[in-house]
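A.B. asks: Sending over protein_28.cif (mmCIF, C-alpha atoms).
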```
data_structure
loop_
_atom_site.label_atom_id
_atom_site.label_comp_id
_atom_site.auth_asym_id
_atom_site.auth_seq_id
_atom_site.Cartn_x
_atom_site.Cartn_y
_atom_site.Cartn_z
CA VAL Q 1 0.00 0.00 0.00
CA SER Q 2 1.54 3.30 -1.05
CA SER Q 3 1.75 6.34 1.22
CA GLN Q 4 -1.00 8.19 -0.59
CA GLN Q 5 -3.33 5.23 -0.39
CA PHE Q 6 -2.48 4.83 3.26
CA ALA Q 7 -3.22 8.48 3.93
CA ALA Q 8 -6.59 8.19 2.22
CA LEU Q 9 -7.41 5.03 4.15
CA THR Q 10 -6.41 6.66 7.44
CA GLU Q 11 -8.69 9.58 6.72
CA VAL Q 12 -11.61 7.24 6.12
CA LEU Q 13 -10.81 5.40 9.35
CA PHE Q 14 -10.67 8.51 11.51
CA ARG Q 15 -13.84 9.89 10.04
CA PHE Q 16 -15.57 6.69 11.10
CA LEU Q 17 -14.00 6.72 14.56
CA THR Q 18 -15.18 10.24 15.23
CA GLU Q 19 -18.68 9.47 13.98
CA PRO Q 20 -19.25 5.84 14.93
CA LYS Q 21 -22.88 5.98 13.93
CA GLU Q 22 -22.04 6.47 10.26
CA VAL Q 23 -21.46 2.78 9.64
CA GLU Q 24 -22.97 2.72 6.14
CA ARG Q 25 -20.94 5.66 5.02
CA PHE Q 26 -17.78 4.01 6.34
CA LEU Q 27 -18.50 0.79 4.44
CA THR Q 28 -19.26 2.71 1.22
CA GLN Q 29 -16.03 4.69 1.51
CA LEU Q 30 -14.09 1.47 2.11
CA SER Q 31 -15.47 -0.19 -1.03
CA ASP Q 32 -14.81 3.02 -3.01
CA PHE Q 33 -11.23 2.91 -1.79
CA ALA Q 34 -10.92 -0.73 -2.81
CA THR Q 35 -12.25 -0.16 -6.33
CA MET Q 36 -10.18 3.00 -6.85
CA ASN Q 37 -6.99 1.23 -5.90
CA LYS Q 38 -7.83 -2.05 -7.58
CA ILE Q 39 -7.60 -4.03 -4.34
CA SER Q 40 -10.36 -6.45 -3.56
CA LEU Q 41 -12.61 -5.55 -0.66
CA GLY Q 42 -11.85 -8.63 1.48
CA PRO Q 43 -8.17 -7.83 2.19
CA VAL Q 44 -9.01 -4.16 2.68
CA LYS Q 45 -11.53 -5.07 5.36
CA ASN Q 46 -9.01 -7.30 7.07
CA ILE Q 47 -6.37 -4.60 7.08
CA VAL Q 48 -8.85 -2.10 8.42
CA LYS Q 49 -9.90 -4.48 11.18
CA SER Q 50 -6.37 -4.93 12.39
CA ILE Q 51 -5.60 -1.25 12.11
CA LEU Q 52 -8.72 -0.37 14.11
CA LEU Q 53 -7.51 -2.50 17.00
CA VAL Q 54 -4.69 -0.06 17.68
CA PRO Q 55 -6.73 3.13 18.20
CA ASN Q 56 -9.34 1.29 20.25
CA GLY Q 57 -6.73 -0.11 22.61
CA ALA Q 58 -4.96 3.24 22.68
CA LEU Q 59 -8.14 5.04 23.63
CA LYS Q 60 -8.82 2.66 26.50
CA ARG Q 61 -5.39 3.19 27.91
CA ASN Q 62 -5.01 6.87 27.08
CA LEU Q 63 -1.86 6.28 25.02
CA SER Q 64 0.08 9.24 23.74
CA SER Q 65 0.74 9.61 20.02
CA GLU Q 66 4.33 8.49 20.62
CA GLN Q 67 3.13 5.21 22.03
CA VAL Q 68 0.67 4.75 19.16
CA ARG Q 69 3.52 5.25 16.70
CA ALA Q 70 5.67 2.71 18.55
CA ASP Q 71 2.80 0.20 18.54
CA PHE Q 72 2.36 0.49 14.79
CA ILE Q 73 6.07 0.11 14.12
CA ALA Q 74 6.08 -2.99 16.32
CA LEU Q 75 3.24 -4.33 14.17
CA GLY Q 76 5.43 -3.98 11.09
CA LEU Q 77 4.22 -0.71 9.57
CA SER Q 78 6.80 1.55 7.97
CA GLU Q 79 8.03 4.52 10.02
CA GLU Q 80 6.55 7.05 7.65
CA LYS Q 81 3.09 5.54 7.77
CA ALA Q 82 3.25 5.04 11.55
CA SER Q 83 4.18 8.70 12.07
CA TYR Q 84 1.39 9.84 9.81
CA PHE Q 85 -1.12 7.77 11.75
CA ALA Q 86 0.23 9.01 15.07
CA GLU Q 87 -0.15 12.60 13.88
CA GLN Q 88 -3.75 11.98 12.91
CA TRP Q 89 -4.25 10.35 16.29
CA LYS Q 90 -3.00 13.40 18.14
CA VAL Q 91 -5.36 15.61 16.21
CA ASN Q 92 -8.36 13.41 16.73
CA SER Q 93 -7.83 12.12 20.26
CA PRO Q 94 -9.73 14.86 22.15
CA THR Q 95 -12.83 14.10 20.08
CA LEU Q 96 -12.38 10.36 20.48
CA THR Q 97 -11.83 10.63 24.23
CA ARG Q 98 -14.89 12.78 24.62
CA LEU Q 99 -16.92 10.21 22.69
CA ALA Q 100 -15.68 7.39 24.92
CA VAL Q 101 -16.46 9.31 28.09
CA GLY Q 102 -19.88 10.07 26.69
CA GLN Q 103 -20.51 6.36 26.35
CA THR Q 104 -19.84 5.76 30.02
CA LEU Q 105 -22.69 4.36 32.02
CA MET Q 106 -25.09 6.94 33.43
CA ILE Q 107 -27.90 6.08 35.80
CA ASN Q 108 -31.26 7.74 35.14
CA GLN Q 109 -29.69 10.46 33.10
CA LEU Q 110 -31.52 13.79 33.05
CA ILE Q 111 -32.14 14.63 29.41
CA ASP Q 112 -34.40 17.66 29.48
CA MET Q 113 -36.27 19.99 31.78
CA GLU Q 114 -39.36 22.09 31.03
CA TRP Q 115 -41.21 24.38 33.39
CA LYS Q 116 -44.19 26.61 33.81
CA PHE Q 117 -45.37 28.68 36.69
CA GLY Q 118 -48.57 30.42 37.46
CA VAL Q 119 -50.93 31.47 40.13
CA THR Q 120 -53.56 29.31 41.78
CA ALA Q 121 -56.67 31.45 41.54
CA GLY Q 122 -59.19 29.51 43.57
CA SER Q 123 -60.14 26.06 44.69
CA SER Q 124 -63.14 24.19 46.00
CA GLU Q 125 -62.05 25.02 49.54
CA LEU Q 126 -60.82 28.56 49.17
CA GLU Q 127 -62.53 31.06 46.96
CA LYS Q 128 -59.56 33.34 46.39
CA VAL Q 129 -56.10 31.94 46.70
CA GLY Q 130 -53.43 33.80 44.75
CA SER Q 131 -50.45 31.58 45.51
CA ILE Q 132 -47.64 31.00 43.04
CA PHE Q 133 -46.70 27.50 41.98
CA LEU Q 134 -43.88 26.22 39.84
CA GLN Q 135 -44.24 23.02 37.81
CA LEU Q 136 -41.22 21.18 36.48
CA LYS Q 137 -41.21 18.42 33.91
CA LEU Q 138 -38.02 16.35 34.00
CA VAL Q 139 -37.26 13.97 31.13
CA VAL Q 140 -35.22 11.08 32.51
CA LYS Q 141 -33.61 8.25 30.55
CA LYS Q 142 -34.24 4.95 32.32
CA GLY Q 143 -32.38 2.23 30.46
CA SER Q 144 -33.37 2.89 26.88
CA GLN Q 145 -36.72 4.54 27.59
CA LEU Q 146 -37.54 8.12 28.36
CA GLU Q 147 -39.73 8.84 31.36
CA ASN Q 148 -41.43 12.11 32.19
CA VAL Q 149 -41.52 13.17 35.83
CA TYR Q 150 -43.80 16.00 36.91
CA VAL Q 151 -43.11 17.87 40.13
CA GLU Q 152 -44.65 20.91 41.72
CA LEU Q 153 -42.64 23.26 43.91
CA THR Q 154 -43.58 26.17 46.09
CA LEU Q 155 -41.56 29.36 45.77
CA PRO Q 156 -39.40 28.81 48.87
CA GLN Q 157 -38.66 25.28 47.63
CA PHE Q 158 -37.64 26.68 44.26
CA TYR Q 159 -35.19 29.14 45.80
CA SER Q 160 -33.60 26.51 47.97
CA PHE Q 161 -33.39 24.13 44.97
CA LEU Q 162 -31.64 26.84 42.97
CA HIS Q 163 -29.27 27.47 45.86
CA GLU Q 164 -28.42 23.77 46.19
CA MET Q 165 -27.80 23.42 42.43
CA GLU Q 166 -25.40 26.33 42.56
CA ARG Q 167 -23.53 24.57 45.33
CA VAL Q 168 -23.36 21.42 43.17
CA LYS Q 169 -21.91 23.45 40.31
CA THR Q 170 -19.19 24.86 42.55
CA SER Q 171 -18.40 21.38 43.74
CA LEU Q 172 -18.23 19.93 40.21
CA GLU Q 173 -16.05 22.79 39.05
CA SER Q 174 -13.54 22.27 41.83
CA PHE Q 175 -13.06 18.70 40.61
CA SER Q 176 -12.61 19.38 36.89
CA GLN U 1 -77.27 18.24 62.98
CA LEU U 2 -75.30 20.59 65.23
CA VAL U 3 -71.95 19.28 64.01
CA SER U 4 -73.07 19.51 60.41
CA ALA U 5 -74.22 23.10 60.89
CA LEU U 6 -70.95 24.06 62.54
CA HIS U 7 -69.02 22.37 59.76
CA ASN U 8 -70.92 24.30 57.11
CA LEU U 9 -70.34 27.55 58.98
CA THR U 10 -66.59 27.07 59.27
CA ARG U 11 -66.27 25.91 55.64
CA HIS U 12 -68.14 28.98 54.49
CA VAL U 13 -65.90 31.29 56.51
CA VAL U 14 -62.74 29.65 55.18
CA TYR U 15 -64.04 29.62 51.61
CA ARG U 16 -64.96 33.28 51.61
CA GLY U 17 -61.80 34.23 53.45
CA LEU U 18 -63.68 36.26 56.04
CA THR U 19 -61.34 37.77 58.57
CA ARG U 20 -63.31 40.36 60.44
CA ALA U 21 -65.52 39.63 63.42
CA GLU U 22 -68.37 41.72 62.01
CA ASP U 23 -68.52 39.62 58.83
CA ILE U 24 -68.77 36.43 60.80
CA LEU U 25 -71.26 37.83 63.32
CA CYS U 26 -73.70 38.79 60.62
CA LEU U 27 -73.81 35.19 59.41
CA PHE U 28 -75.74 34.14 62.51
CA PRO U 29 -79.53 34.39 62.54
CA GLU U 30 -81.27 37.33 64.26
CA ASN U 31 -82.28 35.76 67.54
CA PHE U 32 -79.14 33.75 68.14
CA HIS U 33 -77.82 33.75 71.70
CA GLN U 34 -75.47 36.73 72.01
CA ASN U 35 -72.70 35.24 74.16
CA LEU U 36 -72.63 32.01 72.20
CA LYS U 37 -72.37 33.99 68.99
CA ASN U 38 -69.39 35.94 70.31
CA LEU U 39 -67.68 32.83 71.64
CA LEU U 40 -68.07 30.95 68.36
CA THR U 41 -66.82 33.94 66.38
CA LYS U 42 -63.78 34.22 68.64
CA ILE U 43 -62.92 30.53 68.22
CA ILE U 44 -63.37 30.67 64.48
CA LEU U 45 -61.16 33.72 64.16
CA GLU U 46 -58.43 32.03 66.15
CA ASN U 47 -58.39 29.00 63.88
CA ILE U 48 -59.01 30.59 60.54
CA SER U 49 -55.44 30.94 59.34
CA ALA U 50 -54.57 27.38 60.35
CA TRP U 51 -57.60 26.10 58.45
CA ARG U 52 -56.75 28.14 55.37
CA ASN U 53 -53.19 26.83 55.36
CA GLU U 54 -54.36 23.28 55.69
CA ALA U 55 -56.85 23.70 52.87
CA GLN U 56 -54.12 25.08 50.68
CA ALA U 57 -51.74 22.28 51.59
CA SER U 58 -54.27 19.62 50.69
CA GLN U 59 -55.27 21.19 47.40
CA ILE U 60 -55.14 18.99 44.38
CA SER U 61 -51.83 19.39 42.69
CA LEU U 62 -49.25 17.58 40.70
CA PRO U 63 -46.92 15.46 42.80
CA ARG U 64 -45.02 17.74 45.15
CA LEU U 65 -41.36 17.94 45.98
CA VAL U 66 -40.82 17.20 49.65
CA ASP U 67 -37.07 16.84 49.87
CA MET U 68 -33.92 16.81 47.81
CA ASP U 69 -30.37 15.57 48.38
CA TRP U 70 -27.32 15.54 46.16
CA ARG U 71 -23.87 14.02 45.96
CA VAL U 72 -20.92 14.52 43.62
CA ASP U 73 -19.00 11.45 42.43
CA ILE U 74 -15.82 11.18 40.37
CA LYS U 75 -15.90 8.48 37.70
CA THR U 76 -12.44 6.95 37.53
CA SER U 77 -12.84 4.05 35.12
CA SER U 78 -15.26 2.32 32.77
CA ASP U 79 -15.35 -0.34 30.10
CA SER U 80 -14.61 2.21 27.43
CA ILE U 81 -11.78 4.08 29.17
CA ILE U 82 -9.57 2.60 31.84
CA ARG U 83 -8.48 5.82 33.45
CA MET U 84 -10.35 9.07 33.72
CA ALA U 85 -11.50 11.58 36.31
CA VAL U 86 -14.95 12.78 35.35
CA PRO U 87 -17.08 14.44 38.02
CA THR U 88 -20.79 13.76 37.94
CA CYS U 89 -23.72 14.72 40.13
CA LEU U 90 -26.38 12.45 41.61
CA LEU U 91 -29.56 14.22 42.63
CA GLN U 92 -32.25 12.53 44.71
CA LEU U 93 -35.72 14.05 44.72
CA LYS U 94 -38.36 12.87 47.19
CA ILE U 95 -41.70 13.32 45.56
CA GLN U 96 -45.07 12.97 47.25
CA GLU U 97 -48.07 11.98 45.21
CA ASP U 98 -51.17 14.16 45.28
CA ALA U 99 -52.28 14.30 48.91
CA ALA U 100 -55.94 14.29 48.02
CA LEU U 101 -55.63 10.98 46.24
CA CYS U 102 -53.78 9.19 49.00
CA GLY U 103 -55.90 10.12 52.00
CA ASN U 104 -53.91 9.56 55.14
CA ASN U 105 -51.07 7.54 53.67
CA PRO U 106 -49.31 9.73 51.13
CA VAL U 107 -46.97 7.84 48.86
CA VAL U 108 -43.48 9.27 48.77
CA SER U 109 -41.22 8.05 46.00
CA ALA U 110 -37.55 8.78 45.59
CA LEU U 111 -36.18 9.54 42.15
CA THR U 112 -32.42 9.54 41.66
CA VAL U 113 -31.18 11.38 38.61
CA GLU U 114 -27.65 11.68 37.27
CA LEU U 115 -26.44 14.93 35.76
CA SER U 116 -23.23 15.60 33.88
CA LYS U 117 -21.59 18.98 34.25
CA GLU U 118 -23.05 20.15 30.92
CA THR U 119 -26.56 19.10 31.95
CA LEU U 120 -26.15 20.89 35.28
CA ASP U 121 -25.02 24.09 33.55
CA THR U 122 -28.00 23.98 31.22
CA MET U 123 -30.32 23.33 34.15
CA LEU U 124 -28.89 26.26 36.09
CA GLU U 125 -29.42 28.48 33.07
CA GLY U 126 -33.05 27.39 33.01
CA LEU U 127 -33.48 27.92 36.75
CA GLY U 128 -31.91 31.37 36.44
CA ARG U 129 -34.42 32.26 33.77
CA ILE U 130 -37.24 31.12 36.04
CA ARG U 131 -35.87 33.33 38.82
CA ASP U 132 -35.72 36.32 36.50
CA GLN U 133 -39.27 35.73 35.31
CA LEU U 134 -40.44 35.41 38.91
CA SER U 135 -38.88 38.72 39.91
CA ALA U 136 -40.36 40.38 36.83
CA VAL U 137 -43.81 39.14 37.87
CA ALA U 138 -43.30 40.08 41.51
CA SER U 139 -42.25 43.62 40.72
CA LYS U 140 -45.36 44.35 38.67
#
```
Could you rewrite the structure in this file as structure tokens?
C.D. replies:
Amino acid sequence: VSSQQFAALTEVLFRFLTEPKEVERFLTQLSDFATMNKISLGPVKNIVKSILLVPNGALKRNLSSEQVRADFIALGLSEEKASYFAEQWKVNSPTLTRLAVGQTLMINQLIDMEWKFGVTAGSSELEKVGSIFLQLKLVVKKGSQLENVYVELTLPQFYSFLHEMERVKTSLESFS
Amino acid sequence: QLVSALHNLTRHVVYRGLTRAEDILCLFPENFHQNLKNLLTKIILENISAWRNEAQASQISLPRLVDMDWRVDIKTSSDSIIRMAVPTCLLQLKIQEDAALCGNNPVVSALTVELSKETLDTMLEGLGRIRDQLSAVASK
């Protein structure tokens, strides 16, 4: 495989790694590559599979681009190609790391929050009320389903909730 | 019959929000015993704000927040990355179902929600907007 072909293949690989949902596009680009370079698809797929092992392992173990380069050279790739790949790795690793962290398990993740507030005008017990209520709708992801949770808060509760959330933010920021 | 009449009287007073002795006194019929009338009015006036608060508390409503707790964890490792240090927040909300539906045994459920830093920032933005809207309404 010449350097140019390798560069093109690497580009296709990284584009897939940064957008793992675009599987069809990746496969189309791979077969385009194969036809353009008169290599049959089977060997290309095999090469790609073995190449993909390196970035996936590297991501898990937070390897630096130096270490990625060394890994490739150990696998028998020429220095030039290994350096090129390592360069691409350095450029793409923040995105890839962020993606991996994003995949980490989250319990009952909060997806969205909507609210409305208004005034209770009257009720069957009290003719004129005039008290303010706040209603929150929290969209929570339980497993693979979304669940809506409705909660009502009084004003004092809202202010103390806001206060507590600000304390959480300070706490999270001190750990970043 | 007596209890029922008293009940109706107090409900009426609470419903209308009567707070002055004169308003309550004129509810009684013409030839009602004077001292009894005054005594009843006095007792009603003493209890009126407690009754109003209770009526408001047991209004129908969406489930209400009764308590909240939070904790911040640091995620150090997962199956996709072996080493990391990502802070995350766990928020526990204790929610009580509509009091009117549960009678004397209100059901309190606890919902634990996880928020990433980005989600928390977005939430705080939303809460800030609520606060601004509330002060705009209050100052009118």
A.B. asks: What are the residues of chain Q that have an atom within 6 Å of an atom of chain U, counting only C-alpha atoms, as a PDB file with C-alpha atoms, in the frame of the given file?
C.D. replies:
```pdb
ATOM      1  CA  LYS Q  60      -8.820   2.660  26.500  1.00  0.00           C
ATOM      2  CA  ARG Q  61      -5.390   3.190  27.910  1.00  0.00           C
ATOM      3  CA  ALA Q 100     -15.680   7.390  24.920  1.00  0.00           C
ATOM      4  CA  ILE Q 107     -27.900   6.080  35.800  1.00  0.00           C
ATOM      5  CA  ASN Q 108     -31.260   7.740  35.140  1.00  0.00           C
ATOM      6  CA  GLN Q 109     -29.690  10.460  33.100  1.00  0.00           C
ATOM      7  CA  LEU Q 110     -31.520  13.790  33.050  1.00  0.00           C
ATOM      8  CA  GLU Q 125     -62.050  25.020  49.540  1.00  0.00           C
ATOM      9  CA  LEU Q 126     -60.820  28.560  49.170  1.00  0.00           C
ATOM     10  CA  GLU Q 127     -62.530  31.060  46.960  1.00  0.00           C
ATOM     11  CA  VAL Q 151     -43.110  17.870  40.130  1.00  0.00           C
ATOM     12  CA  GLU Q 152     -44.650  20.910  41.720  1.00  0.00           C
ATOM     13  CA  LEU Q 153     -42.640  23.260  43.910  1.00  0.00           C
TER      14      LEU Q 153
END
```
A.B. asks: Between Q:Val140, Q:Val91, Q:Ile111, Q:Leu105, single out the one closest to Thr18 (chain Q), counting all atoms listed in the file.
C.D. replies: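 Nearest candidate to Thr18 (chain Q) out of Q:Val140, Q:Val91, Q:Ile111, Q:Leu105: Q:Val91.
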A.B. asks: Around (-64.9, 39.3, 59.8) in the file's own coordinates, what residues are found within 12 Å if you use all atoms listed in the file, given back as a PyMOL selection string?
C.D. replies: chain U and resi 13-14+16-27+38+41-42+44-46+48
A.B. asks: Could you check the closest approach to Pro20 (chain Q) for each of Q:Leu41, Q:Leu59, Q:Leu99, Q:Val168 and tell me which residue wins, using all atoms listed in the file?
C.D. replies: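 Selected residue with least distance to Pro20 (chain Q): Q:Leu99.
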A.B. asks: Between CA of Thr97 (chain Q) and CA of Glu19 (chain Q), what distance in Å does the model show, to one decimal?
C.D. replies: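 If I compute the distance from CA of Thr97 (chain Q) to CA of Glu19 (chain Q), I get 12.4 Å.
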A.B. asks: Smallest atom-to-atom distance to Lys169 (chain Q): which of U:Ala138, U:Glu125, U:Leu39, U:Ser49, using only C-alpha atoms?
C.D. replies: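 When distances to Lys169 (chain Q) are compared using only C-alpha atoms, the smallest one comes from U:Glu125.
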A.B. asks: May I ask for the distance between CA of Phe33 (chain Q) and CA of Ile73 (chain Q), given in Å to one decimal place?
C.D. replies: 23.7 Å
